[in-house]
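Just below is one structure, and these are the notes that go with it.
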Amino acid sequence: MTAKQKTILSLEQALALPFATQRMVHLGWRVIRIEAPAEEGGGNAGDPNRYICADLGYHDLHSYYIAPNIGKEAITINLRKKEGQELLLKVIKELEVDVFLCNTLPKRYKQLGIDYETLRKANPNIIWCGISAMGPDYPDRAGYDPALQALMGYTYMTGETNGKPVPCGIPIIDLKAGDEAFTQVLLAMLKQNEKSSAEPDSKIPPSGGGGAIHISMAQCAASWLITALPQLQFVKSENELFTRSGNEHRSFIPCNVYPTKDGMVYLAIGNDSQWAKFTALKGFETLGKTKRKTNQGRMNDKENIYKEIAEHTKKYTTKEFEKLCLGINLAVSPVNTIKDVALLEFISKEMLKTKMPDGKTVSLFPSSTETEFLKNNNNTLSCAPRHGEQNKKVYVEAGFSEREIISFEKNKVI
């Protein structure tokens, strides 16, 4: 017997939540994204990310929006209207929605009729998940990645030693929160399965049961400070605490970027035995001084070590130095551009693809891991949906007539 396809309904915009549901698409789950309908007077409707970055010739389909939303469907519901909230409950019930997600301010949950207690009336077994800046205890706190990077110390720790603090090059907290939402939904489903398959004499109630999950972006970010926050308990003075350190590793020496004849290379030496192998290379023996045999010894002399290694690497092309270090199993890499990354064989062959409305097929990004669904579909997913593109399809499926759907449109319910 084939398992029922999971149906996900997501009131989503920006990146954190669309990234979470994108991972669900990769498993072959049906993801229907909800957006607000167009308001009177025109303007940009729905997810603001629809209108960001390269204009592809479609008003509601700019480049920043496409990648996190391939393989999804899109409907519109005006949740500020009572009729819209009733429509949402009907869709959840008729489509047997397994999971509802949102990344709305927590103070709006009840206002919009999307809180867990309301939605479970349509499906008692629904799994509810909300992503917000700092969780329901801070209901009106907006969550934007660069501001949260600053709040949580990421910006303070990133950049050159004597330079300005800068955020990470990608929206890392958005992506971490999305991954956490994906993970917690999977765990909730696992718990449901354990309950529903429990033996009659088990202490676990033999019922599915849903539940509410609250994802705090700030807490997600703090959980990744595992190499920084604990130092507060162990350092002798604040001068020893992590701060900006440019390209060097804060703990392992001599991990850093070095110049070559034609570019830059990153060499990561993570222990004393690797250092011994490196300094045994022909021409590099002068680096291997007795006082540098231990990581602490190298820490004490790191500036001189960086300068000396740079003098050696400048004698090689990037490929030559990379080959030299890989020959003794050291972690080394050219400092690649994003274009370079796209050309890496092990990345290019795993790229997810989609067909644009004009018929052109484009490669976008790889999934984090191979899935059976993606493999069976040649890593190809439908294009990110236009605003409200699947309205008629979904509402007919939910049991509404064409006349009722036209009425919804006329009365600004969808």
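Chain lettering (A, B, ...) mirrors the order of the structure tokens, residue numbering begins at 1 for each chain separately, and ligand numbering begins at 1 in order of display.
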
Residues of stretch 132-253 of chain A in helix (DSSP H, G or I) according to DSSP, as a PyMOL selection string? chain A and resi 145-151+154-157+172-196+217-223+229-233+238-240

Compile a residue-level contact table for stretch 142-233 of chain A against stretch 117-138 of chain A at a cut-off of 6 Å, reporting for every qualifying residue the shortest atom pair and its distance in Å to one decimal, with only C-alpha atoms counted, rows ordered by chain and ascending number, as a Markdown table.
```
| residue | atom | partner | partner_atom | distance |
| --- | --- | --- | --- | --- |
| A:Ala142 | CA | A:Ala133 | CA | 5.8 |
| A:Gly143 | CA | A:Ala133 | CA | 4.1 |
| A:Gly209 | CA | A:Asn125 | CA | 4.5 |
| A:Gly210 | CA | A:Asn125 | CA | 4.1 |
| A:Gly211 | CA | A:Ile127 | CA | 5.1 |
| A:Ala212 | CA | A:Trp128 | CA | 4.7 |
| A:Ile213 | CA | A:Cys129 | CA | 4.5 |
| A:His214 | CA | A:Gly130 | CA | 5.1 |
| A:Ile215 | CA | A:Ile131 | CA | 4.6 |
| A:Ser216 | CA | A:Met134 | CA | 4.5 |
| A:Met217 | CA | A:Ala133 | CA | 5.0 |
| A:Ala218 | CA | A:Met134 | CA | 5.5 |
```

Taking 4 positions as the minimum chain separation for residues in the same chain, which residues sit within 6 Å of A:His62 when counting only C-alpha atoms? Answer as a PyMOL selection string. chain A and resi 50-52+54-56

Name the residues of stretch 312-384 of chain A that fall into strand (DSSP E or B) according to DSSP on the backbone, using the chain letters and numbers of this document, as a list of chain:residue names. A:Ala331, A:Val332, A:Ser333, A:Pro334, A:Met351, A:Leu352, A:Lys353, A:Thr354, A:Lys355, A:Thr361, A:Val362, A:Ser363, A:Leu364, A:Phe365, A:Pro366, A:Thr380, A:Leu381

Export C-alpha atoms of the chosen residues as a CSV table (one decimal), in the first residue's frame?
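What follows is the written file result08.csv:
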```csv
chain,number,residue,atom,x,y,z
A,331,ALA,CA,42.6,20.3,3.6
A,332,VAL,CA,43.3,22.9,1.0
A,333,SER,CA,41.1,24.7,-1.5
A,334,PRO,CA,41.2,27.6,-4.0
A,351,MET,CA,21.8,21.0,-9.6
A,352,LEU,CA,18.1,21.3,-9.3
A,353,LYS,CA,16.5,22.4,-12.5
A,354,THR,CA,13.3,24.1,-13.6
A,355,LYS,CA,11.7,25.3,-16.8
A,361,THR,CA,15.5,25.3,-18.6
A,362,VAL,CA,17.8,26.7,-15.8
A,363,SER,CA,20.0,25.2,-13.2
A,364,LEU,CA,19.6,26.7,-9.7
A,365,PHE,CA,21.2,25.0,-6.7
A,366,PRO,CA,21.7,21.4,-5.4
A,380,THR,CA,13.7,18.8,-12.1
A,381,LEU,CA,10.9,20.7,-10.4
```

As an exercise, work out the distance from atom CA of A:Ala14 to atom CA of A:Lys360 in Å and give it to one decimal place.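 Atom CA of A:Ala14 sits 25.0 Å away from atom CA of A:Lys360.
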
Using only C-alpha atoms for the distances, tell me which of A:Thr313, A:Phe373, A:Trp275, A:Gly297 is nearest to A:Gln5.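 Of all the options, A:Phe373 lies closest to A:Gln5.
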
A:Ser382 proximity check over A:Met356, A:Leu89, A:Ala276, A:Val265, using only C-alpha atoms: winner is A:Met356

Within 12 Å of stretch 65-83 of chain A, which residues of stretch 167-260 of chain A show up? Give each one with its shortest atom-to-atom distance in Å (one decimal) and the two atoms involved, counting only C-alpha atoms, rows by chain then rising residue number, as JSON lines.
```
{"residue": "A:Asp174", "atom": "CA", "partner": "A:Pro68", "partner_atom": "CA", "distance": 11.9}
{"residue": "A:Leu175", "atom": "CA", "partner": "A:Pro68", "partner_atom": "CA", "distance": 10.7}
{"residue": "A:Gly178", "atom": "CA", "partner": "A:Pro68", "partner_atom": "CA", "distance": 10.9}
```

Quick check, in Å to one decimal: how far apart do atom CA of A:Gln184 and atom CA of A:Thr7 lie?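 Distance between the two atoms: 16.2 Å.
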